[in-house]
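Structure file data.tsv (TSV, C-alpha atoms) follows.
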chain	number	residue	atom	x	y	z
P	1	MET	CA	44.03	5.55	18.44
P	2	MET	CA	41.35	6.10	15.77
P	3	GLY	CA	41.19	2.35	15.03
P	4	ILE	CA	40.27	1.68	18.68
P	5	VAL	CA	37.55	4.33	18.57
P	6	ASP	CA	36.10	2.91	15.33
P	7	HIS	CA	36.19	-0.63	16.73
P	8	THR	CA	34.52	0.49	19.98
P	9	LEU	CA	31.76	2.34	18.09
P	10	ALA	CA	31.18	-0.64	15.80
P	11	SER	CA	30.89	-2.91	18.84
P	12	GLN	CA	28.49	-0.50	20.55
P	13	LEU	CA	26.30	-0.30	17.43
P	14	ARG	CA	26.18	-4.11	17.17
P	15	ASP	CA	25.12	-4.28	20.83
P	16	LEU	CA	22.41	-1.63	20.30
P	17	ALA	CA	21.06	-3.52	17.31
P	18	ALA	CA	21.05	-6.82	19.20
P	19	ARG	CA	19.14	-5.28	22.12
P	20	SER	CA	16.56	-3.87	19.72
P	21	GLY	CA	15.99	-7.29	18.13
P	22	MET	CA	16.94	-5.93	14.72
P	23	SER	CA	20.07	-5.78	12.62
P	24	LEU	CA	21.87	-2.47	12.21
P	25	ASP	CA	20.68	-2.34	8.57
P	26	GLU	CA	17.08	-2.89	9.72
P	27	LEU	CA	17.44	-0.07	12.26
P	28	TYR	CA	18.79	2.22	9.56
P	29	MET	CA	15.87	1.20	7.30
P	30	PHE	CA	13.47	1.96	10.18
P	31	LEU	CA	14.99	5.44	10.59
P	32	ARG	CA	14.94	6.08	6.83
P	33	ALA	CA	11.31	4.96	6.54
P	34	SER	CA	10.29	7.38	9.30
P	35	GLY	CA	10.92	10.29	6.94
P	36	LEU	CA	12.45	12.24	9.84
P	37	THR	CA	15.75	14.07	9.30
P	38	LYS	CA	16.50	16.01	12.49
P	39	VAL	CA	18.74	14.43	15.13
P	40	GLY	CA	16.30	15.15	17.97
P	41	GLU	CA	13.31	13.72	16.12
P	42	LEU	CA	15.16	10.55	15.13
P	43	ARG	CA	16.57	10.15	18.65
P	44	ASP	CA	13.11	10.57	20.20
P	45	LEU	CA	11.66	8.03	17.77
P	46	LEU	CA	14.22	5.44	18.90
P	47	LYS	CA	13.63	6.27	22.56
P	48	VAL	CA	9.87	5.80	22.21
P	49	HIS	CA	9.74	2.90	19.77
P	50	PHE	CA	12.63	0.81	21.13
P	51	ARG	CA	12.83	2.27	24.64
P	52	MET	CA	16.47	3.15	24.09
P	53	GLY	CA	18.25	5.39	26.53
P	54	HIS	CA	19.14	8.89	25.40
P	55	GLY	CA	22.83	8.12	24.88
P	56	ASP	CA	22.22	4.90	22.93
P	57	ALA	CA	19.62	6.54	20.70
P	58	ASN	CA	21.89	9.54	20.11
P	59	THR	CA	24.83	7.30	19.17
P	60	LEU	CA	22.72	5.32	16.72
P	61	VAL	CA	21.27	8.44	15.08
P	62	HIS	CA	24.69	10.02	14.60
P	63	ALA	CA	26.06	6.78	13.12
P	64	TYR	CA	23.03	6.59	10.81
P	65	LEU	CA	23.44	10.18	9.65
P	66	LYS	CA	27.17	9.65	9.10
P	67	VAL	CA	26.42	6.70	6.80
P	68	GLY	CA	23.78	8.80	5.09
P	69	PRO	CA	20.03	8.33	5.09
P	70	SER	CA	20.03	7.67	1.35
P	71	ASP	CA	22.74	4.99	1.43
P	72	THR	CA	20.83	1.76	0.95
P	73	ALA	CA	21.58	-1.71	-0.16
P	74	GLN	CA	21.35	-2.30	-3.89
P	75	GLY	CA	17.83	-3.10	-5.03
P	76	GLU	CA	15.86	-1.97	-1.98
P	77	THR	CA	12.81	-4.18	-1.54
P	78	ASN	CA	9.46	-3.92	0.15
P	79	PRO	CA	10.00	-4.83	3.84
P	80	LEU	CA	6.74	-6.81	3.78
P	81	ASP	CA	8.37	-9.22	1.34
P	82	ALA	CA	10.86	-10.19	4.05
P	83	ILE	CA	8.30	-10.17	6.88
P	84	TYR	CA	5.95	-12.48	4.97
P	85	ALA	CA	8.56	-14.77	3.46
P	86	GLY	CA	8.76	-18.54	3.82
P	87	PRO	CA	6.28	-20.04	6.28
P	88	ASN	CA	4.67	-16.63	6.87
P	89	ALA	CA	3.82	-16.15	3.18
P	90	PRO	CA	0.22	-17.47	3.53
P	91	LEU	CA	-0.47	-14.68	6.04
P	92	ARG	CA	0.30	-11.84	3.60
P	93	PRO	CA	-3.31	-11.60	2.25
P	94	THR	CA	-4.54	-11.16	5.83
P	95	HIS	CA	-2.03	-8.36	6.39
P	96	ASP	CA	-3.02	-6.74	3.09
P	97	ARG	CA	-6.73	-6.88	3.99
P	98	ILE	CA	-6.06	-5.26	7.39
P	99	MET	CA	-4.06	-2.51	5.70
P	100	ALA	CA	-6.73	-1.95	3.06
P	101	GLY	CA	-9.28	-1.32	5.82
P	102	ILE	CA	-7.00	1.04	7.75
P	103	GLU	CA	-5.90	2.96	4.65
P	104	ARG	CA	-9.49	4.22	4.26
P	105	PHE	CA	-9.06	6.27	7.48
P	106	GLY	CA	-6.60	8.74	5.95
P	107	ALA	CA	-2.88	9.46	5.92
P	108	PHE	CA	-0.38	7.71	8.17
P	109	ASP	CA	3.19	6.44	8.03
P	110	VAL	CA	4.17	2.79	7.79
P	111	VAL	CA	7.46	2.13	9.57
P	112	PRO	CA	9.07	-1.30	9.14
P	113	ALA	CA	10.43	-2.69	12.40
P	114	GLY	CA	11.98	-6.09	11.74
P	115	SER	CA	9.21	-8.67	11.94
P	116	TYR	CA	6.28	-6.22	11.88
P	117	VAL	CA	5.29	-2.73	10.75
P	118	THR	CA	4.29	0.18	12.93
P	119	LEU	CA	1.53	2.51	11.78
P	120	ARG	CA	1.83	6.06	13.05
P	121	ARG	CA	0.35	9.50	12.72
P	122	VAL	CA	1.75	11.87	15.33
P	123	THR	CA	2.24	8.81	17.57
P	124	PRO	CA	2.13	5.07	16.80
P	125	PHE	CA	-1.40	3.70	16.74
P	126	ALA	CA	-0.94	0.12	15.52
P	127	MET	CA	1.57	-2.64	14.92
P	128	ILE	CA	0.88	-5.43	12.44
P	129	GLY	CA	2.89	-8.60	11.90
P	130	PRO	CA	2.78	-12.38	11.74
P	131	ASN	CA	2.86	-14.42	14.92
P	132	ALA	CA	3.23	-18.16	15.39
P	133	ARG	CA	3.01	-18.66	11.60
P	134	SER	CA	-0.72	-19.14	12.04
P	135	ARG	CA	-2.01	-15.64	12.53
P	136	VAL	CA	-1.37	-11.92	12.18
P	137	ASP	CA	-1.29	-9.90	15.38
P	138	VAL	CA	-2.65	-6.37	15.38
P	139	GLY	CA	-1.39	-4.31	18.29
P	140	LEU	CA	-3.52	-1.24	19.00
P	141	ASN	CA	-3.01	1.82	21.18
P	142	LEU	CA	-6.55	2.43	22.39
P	143	ARG	CA	-7.87	4.66	25.15
P	144	GLY	CA	-11.06	4.30	27.13
P	145	VAL	CA	-11.71	0.74	25.93
P	146	GLU	CA	-12.06	-2.36	28.07
P	147	PRO	CA	-10.57	-5.66	26.88
P	148	GLY	CA	-12.94	-8.43	25.98
P	149	GLY	CA	-13.49	-11.09	23.34
P	150	ARG	CA	-10.79	-10.80	20.71
P	151	LEU	CA	-9.45	-7.57	22.17
P	152	ARG	CA	-6.78	-8.60	24.68
P	153	ALA	CA	-4.98	-6.25	27.04
P	154	MET	CA	-1.20	-6.32	26.80
P	155	PRO	CA	1.03	-6.17	29.88
P	156	PRO	CA	2.17	-2.77	31.17
P	157	GLY	CA	5.18	-1.52	29.23
P	158	ALA	CA	4.23	-3.29	25.99
P	159	LEU	CA	4.50	-1.27	22.77
P	160	CYS	CA	0.71	-1.43	22.34
P	161	ALA	CA	-2.04	-1.46	24.96
P	162	PHE	CA	-4.14	-4.14	23.21
P	163	LYS	CA	-3.75	-6.98	20.76
P	164	VAL	CA	-6.14	-8.70	18.37
P	165	GLU	CA	-5.19	-12.07	16.88
P	166	VAL	CA	-6.33	-12.38	13.27
P	167	GLY	CA	-6.41	-15.96	11.96
P	168	ASP	CA	-7.27	-15.17	8.36
P	169	ALA	CA	-8.63	-12.45	6.10
P	170	SER	CA	-12.24	-13.27	7.06
P	171	ASP	CA	-11.45	-12.11	10.63
P	172	VAL	CA	-10.88	-8.57	9.32
P	173	ASP	CA	-14.34	-7.28	10.18
P	174	ALA	CA	-16.16	-4.14	11.27
P	175	GLU	CA	-15.28	-4.74	14.93
P	176	LEU	CA	-11.52	-4.90	14.25
P	177	LEU	CA	-11.64	-1.87	11.97
P	178	ALA	CA	-13.63	0.10	14.57
P	179	TRP	CA	-10.91	-0.54	17.15
P	180	ALA	CA	-8.27	0.42	14.58
P	181	ARG	CA	-10.20	3.62	13.77
P	182	ASN	CA	-10.36	4.51	17.46
P	183	ALA	CA	-6.57	4.07	17.74
P	184	TYR	CA	-6.01	6.03	14.50
P	185	ASP	CA	-8.11	8.96	15.70
P	186	ALA	CA	-6.35	9.07	19.08
P	187	ALA	CA	-2.91	9.16	17.44
P	188	GLY	CA	-3.10	12.46	15.76

Take the structure in this file and express it as structure tokens.
Amino acid sequence: MMGIVDHTLASQLRDLAARSGMSLDELYMFLRASGLTKVGELRDLLKVHFRMGHGDANTLVHAYLKVGPSDTAQGETNPLDAIYAGPNAPLRPTHDRIMAGIERFGAFDVVPAGSYVTLRRVTPFAMIGPNARSRVDVGLNLRGVEPGGRLRAMPPGALCAFKVEVGDASDVDAELLAWARNAYDAAG
């Protein structure tokens, strides 16, 4: 009977990972990078970030904690190395310049999420990652701001309210950093 239960759980975890758009290892890395350790906190993070249902998030958290938050693949690497590999490699300096500007605001967490990173204080305030191999997208959770110019509104239900497309490092300017600062301040 236990073999059936193990097989069913393994199948459920594979399905959860597939629906999230990440591998199970990437989901575990996401949870580990959050720095959270309590079941409820980890479950809520999955529910908010991936819009998982309570049961799915709970199952994933318990499987993650059973494996052990410190169990990692040999030679853990910087997630940005994978995100900006291959054709996305030329976009890494743009990402680094965006991060350098945002890091001046103060403390926040960087949570890898497959093909992008989420920046969070109490709540997520930005998402940064390559898009279309020609630009880096910066998703921002802003309040009280109207879209216009480079600042594009995202559809309802998107992980961020706005998006800015950044073609190269020279597009990281005072306007972009002001929007990022607004999102940073509202997040915590």

Item checked: Which residue of P:Arg135, P:His62, P:Arg32, P:Arg120 approaches Gly106 in chain P most closely, using all atoms listed in the file ->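 With all atoms listed in the file as the atom set, the closest residue is P:Arg120.
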
Item checked: For range 79-95 of chain P: contacts at 12 Å, all atoms listed in the file, fewer than 5 positions along chain excluded, given as a PyMOL selection string -> chain P and resi 25-26+29-30+33+100-102+110-118+127-138+165-173

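The space separating CA of Ser20 in chain P from CA of Ala183 in chain P comes to 24.5 Å.
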
Check: When you draw a straight line from CA of Ala180 in chain P to CA of Glu41 in chain P, how long is it in Å?
Finding: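 These two atoms are separated by 25.4 Å.
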
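Of the residues listed (P:Met99, P:Val48, P:Val145, P:Leu9), P:Val48 shows the shortest atom-to-atom separation from Leu159 in chain P; distances use all atoms listed in the file.
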